[in-house]
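**Student:** File start_30.cif below, mmCIF, C-alpha atoms:
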data_query
#
loop_
_atom_site.label_atom_id
_atom_site.label_comp_id
_atom_site.auth_asym_id
_atom_site.auth_seq_id
_atom_site.Cartn_x
_atom_site.Cartn_y
_atom_site.Cartn_z
CA MET A 1 157.74 -55.83 22.49
CA LEU A 2 156.38 -52.67 24.10
CA GLY A 3 158.14 -51.50 27.21
CA GLY A 4 157.08 -50.88 30.79
CA MET A 5 155.51 -47.90 32.52
CA ASN A 6 158.46 -45.57 31.95
CA ASP A 7 159.46 -46.83 28.50
CA PRO A 8 159.29 -43.91 26.00
CA ARG A 9 158.20 -46.35 23.30
CA ARG A 10 155.03 -47.05 25.22
CA PRO A 11 152.30 -45.01 23.42
CA PHE A 12 150.31 -44.15 26.54
CA ARG A 13 153.40 -43.68 28.75
CA GLU A 14 152.41 -43.76 32.43
CA THR A 15 148.65 -44.00 31.95
CA ALA A 16 146.67 -46.72 33.74
CA VAL A 17 143.04 -47.49 32.90
CA VAL A 18 140.27 -48.34 35.36
CA PHE A 19 137.10 -49.84 33.89
CA ASP A 20 133.67 -49.84 35.40
CA LEU A 21 132.03 -53.15 34.47
CA ASP A 22 128.24 -53.07 34.23
CA GLY A 23 127.03 -50.85 31.41
CA THR A 24 130.58 -49.87 30.47
CA LEU A 25 132.43 -53.01 29.45
CA VAL A 26 129.38 -55.25 29.23
CA ASP A 27 125.67 -54.81 28.66
CA SER A 28 124.68 -56.44 31.93
CA GLU A 29 121.72 -54.22 32.78
CA PRO A 30 119.27 -56.61 31.03
CA ASN A 31 120.68 -59.36 33.24
CA TYR A 32 120.19 -57.29 36.38
CA PHE A 33 116.67 -56.39 35.28
CA GLN A 34 115.75 -60.05 34.78
CA ALA A 35 117.25 -61.01 38.15
CA THR A 36 115.56 -58.04 39.84
CA LEU A 37 112.14 -59.06 38.54
CA GLY A 38 112.64 -62.50 40.06
CA THR A 39 113.83 -61.22 43.43
CA LEU A 40 111.19 -58.50 43.80
CA GLY A 41 108.51 -60.91 42.64
CA ARG A 42 109.49 -63.32 45.39
CA TYR A 43 108.67 -60.60 47.92
CA GLY A 44 105.39 -59.61 46.30
CA VAL A 45 106.58 -56.60 44.31
CA THR A 46 105.11 -56.36 40.81
CA GLY A 47 105.05 -53.73 38.08
CA PHE A 48 108.80 -52.97 38.21
CA THR A 49 109.70 -51.58 34.78
CA TRP A 50 112.83 -51.11 32.69
CA GLU A 51 112.52 -47.38 33.35
CA ASP A 52 112.50 -48.12 37.09
CA ASN A 53 115.60 -50.24 36.60
CA GLU A 54 117.42 -47.40 34.82
CA SER A 55 117.09 -45.22 37.92
CA TYR A 56 119.45 -47.59 39.76
CA VAL A 57 122.18 -47.61 37.10
CA GLY A 58 125.54 -46.82 38.71
CA ILE A 59 124.40 -47.53 42.28
CA SER A 60 126.03 -50.39 44.18
CA THR A 61 124.00 -53.56 44.69
CA ALA A 62 124.03 -53.18 48.47
CA GLU A 63 122.71 -49.62 48.26
CA THR A 64 120.08 -50.69 45.72
CA ILE A 65 118.78 -53.31 48.16
CA GLY A 66 118.38 -50.64 50.84
CA LEU A 67 116.47 -48.41 48.44
CA TRP A 68 114.16 -51.29 47.49
CA LYS A 69 113.39 -52.05 51.13
CA ARG A 70 112.34 -48.46 51.76
CA ARG A 71 110.50 -47.97 48.47
CA PHE A 72 108.56 -51.23 48.47
CA GLY A 73 108.25 -51.83 52.20
CA ILE A 74 110.11 -55.14 52.08
CA THR A 75 110.69 -56.42 55.62
CA ALA A 76 113.06 -59.29 54.77
CA PRO A 77 116.71 -58.76 55.84
CA ALA A 78 118.90 -56.99 53.31
CA GLY A 79 121.30 -59.94 53.31
CA GLU A 80 118.51 -62.29 52.30
CA LEU A 81 117.52 -60.09 49.36
CA LEU A 82 121.15 -59.69 48.34
CA ASP A 83 121.75 -63.45 48.36
CA ASP A 84 118.63 -64.08 46.29
CA LEU A 85 119.50 -61.38 43.75
CA ASN A 86 123.12 -62.49 43.44
CA SER A 87 122.12 -66.12 42.95
CA ARG A 88 119.69 -65.23 40.16
CA TYR A 89 122.11 -62.79 38.57
CA LEU A 90 125.09 -65.16 38.58
CA ASP A 91 123.08 -67.86 36.82
CA ILE A 92 122.30 -65.38 34.03
CA ALA A 93 125.65 -63.57 33.95
CA ARG A 94 127.75 -66.68 33.35
CA THR A 95 126.14 -67.38 29.99
CA GLN A 96 124.20 -64.36 28.73
CA THR A 97 126.44 -61.32 29.20
CA ARG A 98 127.36 -59.40 26.05
CA VAL A 99 130.59 -57.39 25.76
CA PHE A 100 130.28 -54.11 23.89
CA PRO A 101 132.33 -54.78 20.71
CA GLN A 102 134.29 -51.52 20.70
CA MET A 103 135.06 -51.93 24.40
CA ARG A 104 136.50 -55.38 23.79
CA LEU A 105 138.64 -53.94 21.00
CA PHE A 106 139.75 -51.11 23.30
CA VAL A 107 140.77 -53.59 26.01
CA GLU A 108 142.68 -55.67 23.47
CA ARG A 109 144.59 -52.63 22.19
CA LEU A 110 145.48 -51.46 25.69
CA HIS A 111 146.57 -54.96 26.66
CA ALA A 112 148.79 -55.21 23.57
CA ALA A 113 150.35 -51.86 24.47
CA GLY A 114 151.13 -53.00 28.02
CA VAL A 115 148.80 -50.53 29.71
CA PRO A 116 148.01 -51.45 33.35
CA MET A 117 144.27 -52.12 33.64
CA ILE A 118 141.80 -53.09 36.34
CA VAL A 119 138.03 -53.37 36.78
CA ALA A 120 136.42 -51.37 39.62
CA SER A 121 132.75 -52.22 40.03
CA GLY A 122 129.83 -51.90 42.38
CA SER A 123 129.01 -55.56 41.78
CA SER A 124 130.07 -58.34 44.12
CA PRO A 125 133.45 -60.04 43.60
CA GLU A 126 131.59 -63.22 42.58
CA ALA A 127 129.58 -61.37 39.92
CA ILE A 128 132.66 -59.59 38.56
CA GLU A 129 134.59 -62.83 38.27
CA ALA A 130 131.64 -64.63 36.67
CA ILE A 131 131.28 -61.97 33.99
CA LEU A 132 134.97 -61.58 33.27
CA THR A 133 135.37 -65.36 33.02
CA GLY A 134 132.24 -65.98 30.99
CA THR A 135 133.11 -63.26 28.47
CA ARG A 136 136.84 -64.17 28.46
CA LEU A 137 137.70 -60.57 29.30
CA ILE A 138 139.62 -62.00 32.23
CA GLU A 139 142.37 -62.97 29.79
CA GLN A 140 143.24 -59.27 29.42
CA LEU A 141 141.64 -58.01 32.65
CA PRO A 142 142.57 -60.41 35.46
CA ARG A 143 142.59 -57.72 38.15
CA TYR A 144 139.46 -56.31 39.72
CA VAL A 145 138.12 -54.68 42.88
CA SER A 146 134.54 -54.66 44.15
CA ALA A 147 132.81 -51.91 46.09
CA ASP A 148 132.09 -54.68 48.63
CA GLU A 149 135.80 -54.55 49.49
CA VAL A 150 135.90 -50.85 50.43
CA ALA A 151 134.14 -48.69 52.99
CA ARG A 152 131.98 -46.64 50.61
CA GLY A 153 130.56 -47.22 47.15
CA LYS A 154 130.25 -44.77 44.27
CA PRO A 155 129.88 -41.76 44.11
CA GLU A 156 132.54 -41.88 46.83
CA PRO A 157 136.03 -42.48 45.40
CA ASP A 158 136.99 -45.48 47.55
CA VAL A 159 136.77 -48.22 44.92
CA PHE A 160 138.80 -46.22 42.40
CA LEU A 161 141.44 -45.31 44.94
CA GLU A 162 141.76 -48.97 45.88
CA ALA A 163 142.09 -49.82 42.18
CA ALA A 164 144.98 -47.38 41.84
CA ARG A 165 146.61 -48.82 44.96
CA ARG A 166 146.40 -52.34 43.55
CA LEU A 167 147.91 -51.19 40.26
CA GLY A 168 150.69 -49.40 42.14
CA VAL A 169 150.06 -46.05 40.46
CA VAL A 170 149.03 -42.64 41.74
CA PRO A 171 145.40 -41.62 41.04
CA ALA A 172 146.45 -38.77 38.75
CA ARG A 173 147.86 -41.36 36.31
CA CYS A 174 144.53 -43.18 36.06
CA VAL A 175 141.78 -42.81 33.49
CA VAL A 176 138.37 -44.18 34.47
CA LEU A 177 135.77 -45.40 31.96
CA GLU A 178 132.25 -44.97 33.30
CA ASP A 179 128.68 -45.21 32.07
CA ALA A 180 126.89 -43.78 35.12
CA ALA A 181 126.88 -40.37 36.77
CA PRO A 182 127.76 -41.66 40.28
CA GLY A 183 130.81 -43.38 38.81
CA ALA A 184 131.89 -40.26 36.96
CA ARG A 185 131.59 -38.29 40.21
CA ALA A 186 133.63 -40.94 41.99
CA ALA A 187 136.37 -40.68 39.36
CA HIS A 188 136.51 -36.91 39.79
CA ALA A 189 136.58 -37.25 43.58
CA ALA A 190 139.48 -39.70 43.24
CA GLY A 191 141.49 -37.16 41.24
CA MET A 192 141.34 -39.29 38.10
CA ARG A 193 140.53 -38.38 34.53
CA CYS A 194 137.29 -39.79 33.15
CA ILE A 195 136.02 -41.07 29.83
CA ALA A 196 132.22 -41.01 30.09
CA VAL A 197 130.08 -43.30 27.96
CA PRO A 198 126.53 -42.79 29.31
CA TYR A 199 124.41 -45.93 29.36
CA VAL A 200 121.18 -43.95 29.69
CA ALA A 201 121.11 -41.38 26.89
CA ALA A 202 118.71 -39.12 28.77
CA GLN A 203 121.34 -38.65 31.48
CA SER A 204 124.11 -37.46 29.15
CA ASP A 205 123.60 -33.81 30.15
CA ASP A 206 124.22 -34.59 33.81
CA PRO A 207 127.01 -32.29 35.12
CA ALA A 208 129.01 -35.36 36.12
CA PHE A 209 129.19 -36.33 32.45
CA THR A 210 129.64 -32.87 30.94
CA ALA A 211 132.58 -32.34 33.32
CA ALA A 212 134.26 -35.54 32.10
CA ASP A 213 137.58 -35.24 30.28
CA LEU A 214 136.17 -37.10 27.28
CA LEU A 215 132.43 -37.55 26.74
CA PHE A 216 130.83 -39.86 24.22
CA LYS A 217 127.40 -38.29 24.53
CA GLY A 218 125.82 -40.92 22.30
CA GLY A 219 126.97 -43.70 24.60
CA GLN A 220 128.12 -47.03 23.21
CA GLU A 221 126.76 -46.18 19.76
CA GLU A 222 129.25 -43.31 19.58
CA PHE A 223 132.20 -44.84 21.44
CA THR A 224 135.07 -46.24 19.36
CA ALA A 225 138.30 -47.84 20.48
CA ARG A 226 140.20 -45.73 17.97
CA ALA A 227 138.86 -42.42 19.31
CA ALA A 228 139.56 -43.44 22.90
CA CYS A 229 143.10 -44.58 22.07
CA GLU A 230 143.86 -41.40 20.16
CA TRP A 231 142.64 -39.29 23.09
CA LEU A 232 144.75 -41.31 25.54
CA GLU A 233 147.85 -40.78 23.40
CA ARG A 234 147.22 -37.02 23.15
CA SER A 235 146.46 -36.57 26.83
CA ALA A 236 148.96 -38.98 28.42
CA PRO A 237 150.76 -37.26 31.31
CA SER A 238 154.41 -36.51 30.83
CA SER A 239 156.95 -38.50 32.82
#
Mind turning the file's structure into structure tokens?

**Tutor:**
Amino acid sequence: MLGGMNDPRRPFRETAVVFDLDGTLVDSEPNYFQATLGTLGRYGVTGFTWEDNESYVGISTAETIGLWKRRFGITAPAGELLDDLNSRYLDIARTQTRVFPQMRLFVERLHAAGVPMIVASGSSPEAIEAILTGTRLIEQLPRYVSADEVARGKPEPDVFLEAARRLGVVPARCVVLEDAAPGARAAHAAGMRCIAVPYVAAQSDDPAFTAADLLFKGGQEEFTARAACEWLERSAPSS
């Protein structure tokens, strides 16, 4: 058995890992796109493309709704749009969400090593739980925090700081995995190290990514559990 946080046999020593969910652990953007088409269509918005969808990657759902209202002139209350989007998304997320294979392997290795882990996402608590349950990631990742539970979403650090608080560790001990530039900025603002795995390849040169402690510029196609584990072992803070 591997030991606890201060056990010298523990390969990553006092490191804790905070995972973004959408686009990092799971390929949920196609789900959001499908749900978005349904919600926007209900309010008369047509012609929304995948490229349009990519521009909202990394932004919280609540903020996205506000941007839609301004961009498309939707007069319905934000809460109404949010409820419609969440309902559509949850129906899809429960059965159609795909876990990135190397991310699942990474989670399994960290879990086996006794590394404290938590999910910190801009999605609603209901969406996070639906995805983690449907993909069975919840067996290794039972703890999570939603941006809905803090004052400010990414790129502000609130959700990551709350994740550290719930794990009972200081931010400097945390490593964040992120696929979006706002999340990488939030990790930096929280005083945490960051492994960046850009979901949108064209954004990989964003300063938020190039300033990351470990960058997989090719995204999920380049990311491997082995490389991430080896980096964590080399860079683990001393006790």

**Student:** Between A:Asp213, A:Glu222, A:Glu29, A:Glu139, which residue has the minimum interatomic distance to A:Val175, considering only C-alpha atoms?

**Tutor:**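 Closest to A:Val175, using only C-alpha atoms: A:Asp213.
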
**Student:** Of the candidates A:Arg104, A:Val99, A:Thr39, A:Asp52, which shows the shortest atom-to-atom distance to A:Asp84, using all atoms listed in the file?

**Tutor:**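 Of the candidates, the smallest distance to A:Asp84 is held by A:Thr39.
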
**Student:** Could you spell out the hits of the PyMOL selection byres ((chain A and resi 15-23) around 7) on the shown file, as a list in words?

**Tutor:**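 Output of the PyMOL selection byres ((chain A and resi 15-23) around 7): Phe12, Arg13, Glu14, Thr24, Leu25, Val26, Asp27, Ser28, Glu29, Val115, Pro116, Met117, Ile118, Val119, Ala120, Ser121, Arg173, Cys174, Val175, Val176, Leu177, Glu178, Asp179, Tyr199 and Ala236 of chain A.
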
**Student:** Counting all atoms listed in the file, what is within 10 Å of stretch 180-186 of chain A, bar same-chain residues fewer than 5 positions away, as a PyMOL selection string?

**Tutor:** chain A and resi 20+22-24+56-60+120-122+153-161+191-200+203-212

**Student:** Next, the residues of the selection above should be written as an mmCIF file, keeping the file's coordinate frame with C-alpha atoms.

**Tutor:**
data_model
loop_
_atom_site.group_PDB
_atom_site.id
_atom_site.type_symbol
_atom_site.label_atom_id
_atom_site.label_comp_id
_atom_site.auth_asym_id
_atom_site.auth_seq_id
_atom_site.Cartn_x
_atom_site.Cartn_y
_atom_site.Cartn_z
ATOM 1 C CA ASP A 20 133.670 -49.840 35.400
ATOM 2 C CA ASP A 22 128.240 -53.070 34.230
ATOM 3 C CA GLY A 23 127.030 -50.850 31.410
ATOM 4 C CA THR A 24 130.580 -49.870 30.470
ATOM 5 C CA TYR A 56 119.450 -47.590 39.760
ATOM 6 C CA VAL A 57 122.180 -47.610 37.100
ATOM 7 C CA GLY A 58 125.540 -46.820 38.710
ATOM 8 C CA ILE A 59 124.400 -47.530 42.280
ATOM 9 C CA SER A 60 126.030 -50.390 44.180
ATOM 10 C CA ALA A 120 136.420 -51.370 39.620
ATOM 11 C CA SER A 121 132.750 -52.220 40.030
ATOM 12 C CA GLY A 122 129.830 -51.900 42.380
ATOM 13 C CA GLY A 153 130.560 -47.220 47.150
ATOM 14 C CA LYS A 154 130.250 -44.770 44.270
ATOM 15 C CA PRO A 155 129.880 -41.760 44.110
ATOM 16 C CA GLU A 156 132.540 -41.880 46.830
ATOM 17 C CA PRO A 157 136.030 -42.480 45.400
ATOM 18 C CA ASP A 158 136.990 -45.480 47.550
ATOM 19 C CA VAL A 159 136.770 -48.220 44.920
ATOM 20 C CA PHE A 160 138.800 -46.220 42.400
ATOM 21 C CA LEU A 161 141.440 -45.310 44.940
ATOM 22 C CA GLY A 191 141.490 -37.160 41.240
ATOM 23 C CA MET A 192 141.340 -39.290 38.100
ATOM 24 C CA ARG A 193 140.530 -38.380 34.530
ATOM 25 C CA CYS A 194 137.290 -39.790 33.150
ATOM 26 C CA ILE A 195 136.020 -41.070 29.830
ATOM 27 C CA ALA A 196 132.220 -41.010 30.090
ATOM 28 C CA VAL A 197 130.080 -43.300 27.960
ATOM 29 C CA PRO A 198 126.530 -42.790 29.310
ATOM 30 C CA TYR A 199 124.410 -45.930 29.360
ATOM 31 C CA VAL A 200 121.180 -43.950 29.690
ATOM 32 C CA GLN A 203 121.340 -38.650 31.480
ATOM 33 C CA SER A 204 124.110 -37.460 29.150
ATOM 34 C CA ASP A 205 123.600 -33.810 30.150
ATOM 35 C CA ASP A 206 124.220 -34.590 33.810
ATOM 36 C CA PRO A 207 127.010 -32.290 35.120
ATOM 37 C CA ALA A 208 129.010 -35.360 36.120
ATOM 38 C CA PHE A 209 129.190 -36.330 32.450
ATOM 39 C CA THR A 210 129.640 -32.870 30.940
ATOM 40 C CA ALA A 211 132.580 -32.340 33.320
ATOM 41 C CA ALA A 212 134.260 -35.540 32.100
#

**Student:** For A:Leu90, which residue among A:Arg136, A:Gly44, A:Arg71, A:Ala35 is the nearest when counting all atoms listed in the file?

**Tutor:**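 Distance minimum relative to A:Leu90 lands on A:Ala35.
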
**Student:** Could you jot down the atom CA of A:Phe223 to atom CA of A:Val145 separation for me, Å, one decimal place?

**Tutor:**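 Computed distance, atom CA of A:Phe223 to atom CA of A:Val145, equals 24.3 Å.
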
**Student:** Ranking A:Arg166, A:Lys69, A:Arg98, A:Arg109 by minimum distance to A:Leu232 and counting only C-alpha atoms, which one comes first?

**Tutor:**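 Looking at the shortest contact to A:Leu232, the residue is A:Arg109.
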
**Student:** Would you please work out which residue, of A:Pro171, A:Gly47, A:Gly38, A:Pro142, is nearest to A:Val107 when using all atoms listed in the file?

**Tutor:**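 The closest residue to A:Val107 is A:Pro142.
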